[in-house]
>>> print(open('entry.pdb').read())   # PDB, C-alpha atoms, pLDDT in the B column
MODEL        1
ATOM      1  CA  MET V   1       0.000   0.000   0.000  1.00 41.00           C
ATOM      2  CA  ALA V   2       1.382   3.381  -0.984  1.00 44.00           C
ATOM      3  CA  ARG V   3       1.916   5.822   1.847  1.00 53.00           C
ATOM      4  CA  HIS V   4       0.172   9.153   1.335  1.00 63.00           C
ATOM      5  CA  PRO V   5       1.858  11.884   3.338  1.00 83.00           C
ATOM      6  CA  ILE V   6      -0.338  14.019   5.516  1.00 93.00           C
ATOM      7  CA  PRO V   7       0.833  17.602   5.052  1.00 95.00           C
ATOM      8  CA  GLU V   8       1.513  19.605   8.188  1.00 97.00           C
ATOM      9  CA  LEU V   9      -0.557  22.770   8.454  1.00 98.00           C
ATOM     10  CA  ALA V  10       0.221  25.467  11.000  1.00 97.00           C
ATOM     11  CA  THR V  11      -1.253  28.459  12.746  1.00 97.00           C
ATOM     12  CA  PRO V  12       0.447  30.493  15.472  1.00 97.00           C
ATOM     13  CA  ARG V  13      -1.146  28.295  18.170  1.00 98.00           C
ATOM     14  CA  LEU V  14      -1.661  24.979  16.391  1.00 98.00           C
ATOM     15  CA  ARG V  15      -0.016  22.307  14.268  1.00 98.00           C
ATOM     16  CA  LEU V  16      -2.260  20.086  12.190  1.00 98.00           C
ATOM     17  CA  ARG V  17      -0.221  16.947  11.576  1.00 97.00           C
ATOM     18  CA  ALA V  18      -0.440  13.227  11.046  1.00 96.00           C
ATOM     19  CA  PHE V  19      -1.707  11.240  13.990  1.00 97.00           C
ATOM     20  CA  ASP V  20       0.746   9.063  15.891  1.00 95.00           C
ATOM     21  CA  LEU V  21      -0.266   6.153  18.105  1.00 96.00           C
ATOM     22  CA  ALA V  22       1.319   8.072  21.011  1.00 97.00           C
ATOM     23  CA  ASP V  23      -1.510  10.636  20.591  1.00 98.00           C
ATOM     24  CA  ALA V  24      -4.093   8.111  21.823  1.00 98.00           C
ATOM     25  CA  PRO V  25      -4.160   9.101  25.535  1.00 98.00           C
ATOM     26  CA  ASP V  26      -4.474  12.830  24.773  1.00 98.00           C
ATOM     27  CA  PHE V  27      -6.928  12.369  21.898  1.00 98.00           C
ATOM     28  CA  HIS V  28      -9.062  10.044  24.011  1.00 98.00           C
ATOM     29  CA  ALA V  29      -9.964  13.135  26.070  1.00 97.00           C
ATOM     30  CA  ALA V  30     -12.063  14.116  23.021  1.00 97.00           C
ATOM     31  CA  TYR V  31     -12.909  10.799  21.354  1.00 97.00           C
ATOM     32  CA  GLY V  32     -13.828   9.041  24.581  1.00 97.00           C
ATOM     33  CA  ASP V  33     -15.793  11.928  26.063  1.00 96.00           C
ATOM     34  CA  ALA V  34     -19.595  11.632  25.955  1.00 94.00           C
ATOM     35  CA  GLU V  35     -20.100  15.413  25.751  1.00 92.00           C
ATOM     36  CA  ALA V  36     -17.565  15.920  22.951  1.00 94.00           C
ATOM     37  CA  MET V  37     -19.000  12.935  21.039  1.00 93.00           C
ATOM     38  CA  ARG V  38     -22.651  13.775  21.724  1.00 90.00           C
ATOM     39  CA  TYR V  39     -23.357  14.707  18.104  1.00 90.00           C
ATOM     40  CA  TRP V  40     -20.785  12.444  16.436  1.00 89.00           C
ATOM     41  CA  ASP V  41     -21.888   9.667  14.091  1.00 85.00           C
ATOM     42  CA  HIS V  42     -20.891   6.897  16.513  1.00 88.00           C
ATOM     43  CA  ASP V  43     -20.564   6.280  20.235  1.00 90.00           C
ATOM     44  CA  PRO V  44     -17.568   7.556  22.223  1.00 95.00           C
ATOM     45  CA  SER V  45     -14.522   5.338  22.207  1.00 97.00           C
ATOM     46  CA  PRO V  46     -14.783   3.097  25.287  1.00 97.00           C
ATOM     47  CA  ASN V  47     -11.056   3.178  26.165  1.00 98.00           C
ATOM     48  CA  VAL V  48      -7.624   4.411  25.080  1.00 98.00           C
ATOM     49  CA  ALA V  49      -6.862   1.081  23.366  1.00 98.00           C
ATOM     50  CA  ARG V  50      -9.886   1.505  21.085  1.00 97.00           C
ATOM     51  CA  THR V  51      -8.951   5.134  20.399  1.00 98.00           C
ATOM     52  CA  GLU V  52      -5.497   3.879  19.409  1.00 97.00           C
ATOM     53  CA  LYS V  53      -7.125   1.483  16.908  1.00 96.00           C
ATOM     54  CA  TYR V  54      -9.049   4.368  15.327  1.00 95.00           C
ATOM     55  CA  ILE V  55      -5.817   6.353  15.047  1.00 96.00           C
ATOM     56  CA  GLY V  56      -4.077   3.388  13.447  1.00 94.00           C
ATOM     57  CA  HIS V  57      -6.606   3.446  10.615  1.00 91.00           C
ATOM     58  CA  TRP V  58      -6.159   7.178  10.085  1.00 92.00           C
ATOM     59  CA  THR V  59      -2.414   7.036   9.428  1.00 87.00           C
ATOM     60  CA  GLN V  60      -2.994   5.723   5.880  1.00 84.00           C
ATOM     61  CA  PRO V  61      -5.353   8.299   4.321  1.00 83.00           C
ATOM     62  CA  SER V  62      -6.848   8.257   0.869  1.00 87.00           C
ATOM     63  CA  PRO V  63      -6.306  11.898  -0.179  1.00 78.00           C
ATOM     64  CA  ASP V  64      -8.820  11.588  -3.012  1.00 86.00           C
ATOM     65  CA  GLY V  65     -11.454  10.541  -0.469  1.00 91.00           C
ATOM     66  CA  TRP V  66     -10.446  11.477   3.078  1.00 93.00           C
ATOM     67  CA  MET V  67      -7.688  12.738   5.357  1.00 95.00           C
ATOM     68  CA  MET V  68      -7.467  13.181   9.153  1.00 96.00           C
ATOM     69  CA  TRP V  69      -5.210  15.596  11.025  1.00 98.00           C
ATOM     70  CA  ALA V  70      -4.344  15.596  14.699  1.00 98.00           C
ATOM     71  CA  VAL V  71      -4.876  19.086  16.097  1.00 98.00           C
ATOM     72  CA  ALA V  72      -1.870  19.695  18.345  1.00 98.00           C
ATOM     73  CA  ARG V  73      -0.961  22.749  20.365  1.00 98.00           C
ATOM     74  CA  ALA V  74       2.151  24.370  18.912  1.00 98.00           C
ATOM     75  CA  ASP V  75       3.641  25.087  22.345  1.00 97.00           C
ATOM     76  CA  THR V  76       3.324  21.567  23.796  1.00 97.00           C
ATOM     77  CA  GLY V  77       2.790  19.281  20.805  1.00 97.00           C
ATOM     78  CA  ARG V  78      -0.110  17.646  22.665  1.00 97.00           C
ATOM     79  CA  CYS V  79      -3.078  16.479  20.617  1.00 98.00           C
ATOM     80  CA  ILE V  80      -6.269  18.319  21.593  1.00 98.00           C
ATOM     81  CA  GLY V  81      -8.544  17.202  18.774  1.00 98.00           C
ATOM     82  CA  MET V  82      -8.954  16.282  15.139  1.00 98.00           C
ATOM     83  CA  VAL V  83     -10.097  17.816  11.853  1.00 98.00           C
ATOM     84  CA  ASN V  84     -10.817  15.934   8.651  1.00 97.00           C
ATOM     85  CA  TYR V  85     -12.302  15.957   5.226  1.00 97.00           C
ATOM     86  CA  HIS V  86     -14.202  12.978   3.881  1.00 95.00           C
ATOM     87  CA  ALA V  87     -16.656  12.065   1.132  1.00 94.00           C
ATOM     88  CA  ARG V  88     -14.411  13.980  -1.262  1.00 95.00           C
ATOM     89  CA  SER V  89     -15.333  13.992  -4.918  1.00 94.00           C
ATOM     90  CA  THR V  90     -12.388  15.110  -7.040  1.00 93.00           C
ATOM     91  CA  ARG V  91     -14.594  15.201 -10.140  1.00 94.00           C
ATOM     92  CA  HIS V  92     -17.083  17.575  -8.539  1.00 96.00           C
ATOM     93  CA  ARG V  93     -14.452  19.377  -6.427  1.00 96.00           C
ATOM     94  CA  ARG V  94     -16.416  18.942  -3.196  1.00 97.00           C
ATOM     95  CA  ALA V  95     -15.836  17.413   0.236  1.00 97.00           C
ATOM     96  CA  GLU V  96     -17.397  17.225   3.673  1.00 97.00           C
ATOM     97  CA  ILE V  97     -15.589  18.230   6.848  1.00 98.00           C
ATOM     98  CA  GLY V  98     -15.613  17.079  10.452  1.00 97.00           C
ATOM     99  CA  TYR V  99     -13.902  18.236  13.637  1.00 97.00           C
ATOM    100  CA  ILE V 100     -13.716  17.561  17.348  1.00 97.00           C
ATOM    101  CA  ILE V 101     -11.879  19.252  20.218  1.00 97.00           C
ATOM    102  CA  ALA V 102     -11.409  17.935  23.764  1.00 97.00           C
ATOM    103  CA  PRO V 103     -13.796  19.618  26.235  1.00 97.00           C
ATOM    104  CA  ALA V 104     -10.927  21.149  28.252  1.00 97.00           C
ATOM    105  CA  PHE V 105     -10.250  23.305  25.162  1.00 97.00           C
ATOM    106  CA  PHE V 106     -13.837  24.311  24.304  1.00 95.00           C
ATOM    107  CA  GLY V 107     -14.485  28.014  23.849  1.00 95.00           C
ATOM    108  CA  GLN V 108     -10.869  28.996  23.134  1.00 97.00           C
ATOM    109  CA  GLY V 109     -11.107  29.288  19.341  1.00 97.00           C
ATOM    110  CA  TYR V 110      -9.055  26.176  18.587  1.00 98.00           C
ATOM    111  CA  ALA V 111     -11.740  24.498  16.455  1.00 98.00           C
ATOM    112  CA  LYS V 112     -12.242  27.619  14.333  1.00 98.00           C
ATOM    113  CA  GLU V 113      -8.493  28.069  13.896  1.00 98.00           C
ATOM    114  CA  ALA V 114      -7.981  24.430  12.884  1.00 98.00           C
ATOM    115  CA  VAL V 115     -10.936  24.318  10.499  1.00 98.00           C
ATOM    116  CA  GLU V 116      -9.867  27.602   8.861  1.00 98.00           C
ATOM    117  CA  VAL V 117      -6.373  26.341   8.030  1.00 98.00           C
ATOM    118  CA  MET V 118      -7.771  23.011   6.783  1.00 98.00           C
ATOM    119  CA  ILE V 119     -10.233  24.847   4.519  1.00 98.00           C
ATOM    120  CA  ALA V 120      -7.408  26.988   3.123  1.00 97.00           C
ATOM    121  CA  HIS V 121      -5.459  23.795   2.344  1.00 97.00           C
ATOM    122  CA  MET V 122      -8.504  22.191   0.730  1.00 97.00           C
ATOM    123  CA  ARG V 123      -9.048  25.199  -1.501  1.00 97.00           C
ATOM    124  CA  ASP V 124      -5.415  25.946  -2.364  1.00 96.00           C
ATOM    125  CA  ALA V 125      -3.813  22.511  -2.610  1.00 94.00           C
ATOM    126  CA  LEU V 126      -6.814  20.325  -3.450  1.00 95.00           C
ATOM    127  CA  GLN V 127      -8.867  22.793  -5.505  1.00 96.00           C
ATOM    128  CA  VAL V 128     -12.041  21.974  -3.548  1.00 97.00           C
ATOM    129  CA  HIS V 129     -14.825  24.321  -4.661  1.00 97.00           C
ATOM    130  CA  ARG V 130     -17.635  23.244  -2.310  1.00 98.00           C
ATOM    131  CA  ILE V 131     -17.148  22.302   1.339  1.00 98.00           C
ATOM    132  CA  GLU V 132     -20.024  20.811   3.298  1.00 98.00           C
ATOM    133  CA  ALA V 133     -20.711  20.275   6.989  1.00 97.00           C
ATOM    134  CA  GLU V 134     -23.557  18.003   8.086  1.00 95.00           C
ATOM    135  CA  ILE V 135     -24.530  18.954  11.640  1.00 95.00           C
ATOM    136  CA  ASP V 136     -27.122  17.796  14.150  1.00 93.00           C
ATOM    137  CA  PRO V 137     -29.543  20.760  14.455  1.00 94.00           C
ATOM    138  CA  ARG V 138     -29.192  20.650  18.267  1.00 92.00           C
ATOM    139  CA  ASN V 139     -25.418  21.204  18.029  1.00 94.00           C
ATOM    140  CA  THR V 140     -25.517  24.967  18.437  1.00 95.00           C
ATOM    141  CA  ARG V 141     -21.736  25.290  19.012  1.00 95.00           C
ATOM    142  CA  SER V 142     -20.883  23.588  15.738  1.00 96.00           C
ATOM    143  CA  ARG V 143     -23.547  25.480  13.823  1.00 97.00           C
ATOM    144  CA  ALA V 144     -22.217  28.782  15.191  1.00 97.00           C
ATOM    145  CA  LEU V 145     -18.663  27.786  14.205  1.00 97.00           C
ATOM    146  CA  VAL V 146     -19.463  27.122  10.545  1.00 98.00           C
ATOM    147  CA  GLU V 147     -21.634  30.230  10.364  1.00 98.00           C
ATOM    148  CA  ARG V 148     -18.679  32.327  11.639  1.00 97.00           C
ATOM    149  CA  LEU V 149     -16.589  30.747   8.857  1.00 98.00           C
ATOM    150  CA  GLY V 150     -19.102  31.861   6.204  1.00 97.00           C
ATOM    151  CA  PHE V 151     -21.010  28.624   5.615  1.00 98.00           C
ATOM    152  CA  THR V 152     -24.626  28.943   4.472  1.00 97.00           C
ATOM    153  CA  LEU V 153     -27.435  26.785   5.805  1.00 96.00           C
ATOM    154  CA  GLU V 154     -28.807  25.016   2.733  1.00 96.00           C
ATOM    155  CA  ALA V 155     -30.907  22.213   4.213  1.00 90.00           C
ATOM    156  CA  PRO V 156     -32.257  23.211   7.622  1.00 84.00           C
ATOM    157  CA  LEU V 157     -33.828  19.843   8.375  1.00 85.00           C
ATOM    158  CA  MET V 158     -32.986  16.460   6.919  1.00 82.00           C
ATOM    159  CA  ARG V 159     -35.272  14.268   9.010  1.00 87.00           C
ATOM    160  CA  ALA V 160     -34.055  10.942  10.463  1.00 83.00           C
ATOM    161  CA  ARG V 161     -30.768  11.234   8.527  1.00 83.00           C
ATOM    162  CA  MET V 162     -28.655   9.065  10.859  1.00 81.00           C
ATOM    163  CA  ARG V 163     -29.217   6.290  13.365  1.00 81.00           C
ATOM    164  CA  LEU V 164     -27.277   6.786  16.602  1.00 76.00           C
ATOM    165  CA  ALA V 165     -27.580   4.752  19.776  1.00 73.00           C
ATOM    166  CA  GLY V 166     -30.699   3.075  18.374  1.00 80.00           C
ATOM    167  CA  CYS V 167     -32.464   6.372  17.588  1.00 85.00           C
ATOM    168  CA  TYR V 168     -32.918   8.284  14.370  1.00 90.00           C
ATOM    169  CA  VAL V 169     -31.578  11.834  14.480  1.00 87.00           C
ATOM    170  CA  ASP V 170     -31.980  14.782  12.163  1.00 88.00           C
ATOM    171  CA  SER V 171     -29.243  16.725  10.359  1.00 92.00           C
ATOM    172  CA  CYS V 172     -28.862  20.068   8.704  1.00 95.00           C
ATOM    173  CA  LEU V 173     -26.493  20.806   5.832  1.00 96.00           C
ATOM    174  CA  TYR V 174     -24.202  23.806   5.597  1.00 97.00           C
ATOM    175  CA  ALA V 175     -22.020  24.640   2.608  1.00 98.00           C
ATOM    176  CA  LEU V 176     -19.152  26.994   1.817  1.00 98.00           C
ATOM    177  CA  VAL V 177     -18.754  27.615  -1.901  1.00 97.00           C
ATOM    178  CA  ALA V 178     -15.697  29.297  -3.372  1.00 88.00           C
ATOM    179  CA  GLY V 179     -16.446  32.719  -4.817  1.00 74.00           C
TER     180      GLY V 179
ENDMDL
END
>>> encode(input="entry.pdb", output="structure tokens")
Amino acid sequence: MARHPIPELATPRLRLRAFDLADAPDFHAAYGDAEAMRYWDHDPSPNVARTEKYIGHWTQPSPDGWMMWAVARADTGRCIGMVNYHARSTRHRRAEIGYIIAPAFFGQGYAKEAVEVMIAHMRDALQVHRIEAEIDPRNTRSRALVERLGFTLEAPLMRARMRLAGCYVDSCLYALVAG
């Protein structure tokens, strides 16, 4: 299998980089946390060993389809979250994004900063024209984040879009289209 390098992206406070298995304990603070994972498309990781297995899968991305970055603080190198694109269509120049930050870092602008630099990479290096974010309508923090980044609400209610924990949940669709 060919190795696809994950480019490092940087902001003054953050480094978006490839995940390493050593990130598992720090990243588990997000991926194993019920509050952080409340609106995710699967249950929280039950333990650090399972989080490590997820990370192991993410170290071999498929750049034409998906890529995951560890969000690490520039000053400490510690992983505080993740950003990704997925469902990428190179033909149609579109992709969907996802992101998660550990609760200890909520409200400090890290998610916005990480998503902004990922979007710039997607537009500049990958020539993505349309970026989508599918969000649970109850997730007011995430909705506010994409709205601050200029996304437009295109589908305010997609009923029973996903099945989580045995229940159907709704979604809304936001999009950011290059000018």
>>> residues_around(input="entry.pdb", residues="V:Arg88", least_positions_apart="6", cutoff="12 Å", atoms="all atoms listed in the file", output="tab-separated table (two decimals) with C-alpha atoms, keeping the file's coordinate frame")
chain	number	residue	atom	x	y	z
V	62	SER	CA	-6.85	8.26	0.87
V	63	PRO	CA	-6.31	11.90	-0.18
V	64	ASP	CA	-8.82	11.59	-3.01
V	65	GLY	CA	-11.45	10.54	-0.47
V	66	TRP	CA	-10.45	11.48	3.08
V	67	MET	CA	-7.69	12.74	5.36
V	94	ARG	CA	-16.42	18.94	-3.20
V	95	ALA	CA	-15.84	17.41	0.24
V	96	GLU	CA	-17.40	17.23	3.67
V	97	ILE	CA	-15.59	18.23	6.85
V	122	MET	CA	-8.50	22.19	0.73
V	126	LEU	CA	-6.81	20.32	-3.45
V	127	GLN	CA	-8.87	22.79	-5.50
V	128	VAL	CA	-12.04	21.97	-3.55
V	129	HIS	CA	-14.82	24.32	-4.66
V	130	ARG	CA	-17.64	23.24	-2.31
V	131	ILE	CA	-17.15	22.30	1.34
V	132	GLU	CA	-20.02	20.81	3.30
>>> resolve_selection(input="entry.pdb", expression="the PyMOL selection byres ((chain V and resi 80) around 10)", output="number ranges by chain")
V: 14, 23, 26-30, 70-73, 77-79, 81-82, 100-105, 110-111
>>> resolve_selection(input="entry.pdb", expression="the PyMOL selection byres ((chain V and resi 176) around 9)", output="JSON, numbers by chain")
{"V": [129, 130, 131, 132, 133, 146, 149, 150, 151, 152, 174, 175, 177, 178]}
>>> closest_residue(input="entry.pdb", among="V:Asp20, V:Met162, V:Tyr168, V:Ser142", to="V:Phe106", atoms="only C-alpha atoms")
V:Ser142
>>> atom_distance(input="entry.pdb", atom1="atom CA of V:Pro156", atom2="atom CA of V:Arg138")
11.4 Å
>>> atom_distance(input="entry.pdb", atom1="atom CA of V:Thr51", atom2="atom CA of V:Tyr31")
7.0 Å
>>> residues_around(input="entry.pdb", residues="V:Arg15", least_positions_apart="4", cutoff="6 Å", atoms="all atoms listed in the file", output="list in words")
Leu9, Ala10, Ala72 and Ala74 of chain V
>>> closest_residue(input="entry.pdb", among="V:Met68, V:Trp40, V:Arg50, V:Leu21", to="V:Pro5", atoms="all atoms listed in the file")
V:Met68
>>> closest_residue(input="entry.pdb", among="V:Glu116, V:Leu16, V:Arg123, V:Gly107", to="V:Arg93", atoms="all atoms listed in the file")
V:Arg123
>>> closest_residue(input="entry.pdb", among="V:Arg161, V:Arg13, V:His42, V:His86", to="V:Gly109", atoms="all atoms listed in the file")
V:Arg13
>>> axis_aligned_box(input="entry.pdb", around="stretch 9-22 of chain V", padding_each_side="4 Å", output="JSON")
{"center_x": -0.5, "center_y": 18.3, "center_z": 14.7, "size_x": 11.6, "size_y": 32.3, "size_z": 20.6}
>>> atom_distance(input="entry.pdb", atom1="atom CA of V:Ala144", atom2="atom CA of V:Lys112")
10.1 Å
>>> closest_residue(input="entry.pdb", among="V:Ala165, V:Val115, V:Ile6, V:Ile55", to="V:Leu145", atoms="all atoms listed in the file")
V:Val115
>>> closest_residue(input="entry.pdb", among="V:Arg91, V:His57, V:Arg141, V:Arg17", to="V:Arg38", atoms="only C-alpha atoms")
V:Arg141
>>> residues_around(input="entry.pdb", residues="V:Gly166", least_positions_apart="3", cutoff="12 Å", atoms="all atoms listed in the file", output="list of chain:residue names")
V:Asp41, V:His42, V:Asp43, V:Ala160, V:Met162, V:Arg163, V:Val169
>>> residues_around(input="entry.pdb", residues="V:Cys172", least_positions_apart="2", cutoff="7 Å", atoms="only C-alpha atoms", output="mmCIF file with C-alpha atoms, keeping the file's coordinate frame")
data_model
loop_
_atom_site.group_PDB
_atom_site.id
_atom_site.type_symbol
_atom_site.label_atom_id
_atom_site.label_comp_id
_atom_site.auth_asym_id
_atom_site.auth_seq_id
_atom_site.Cartn_x
_atom_site.Cartn_y
_atom_site.Cartn_z
ATOM 1 C CA GLU V 134 -23.557 18.003 8.086
ATOM 2 C CA ILE V 135 -24.530 18.954 11.640
ATOM 3 C CA ASP V 136 -27.122 17.796 14.150
ATOM 4 C CA PRO V 137 -29.543 20.760 14.455
ATOM 5 C CA ALA V 155 -30.907 22.213 4.213
ATOM 6 C CA PRO V 156 -32.257 23.211 7.622
ATOM 7 C CA LEU V 157 -33.828 19.843 8.375
ATOM 8 C CA MET V 158 -32.986 16.460 6.919
ATOM 9 C CA TYR V 174 -24.202 23.806 5.597
#
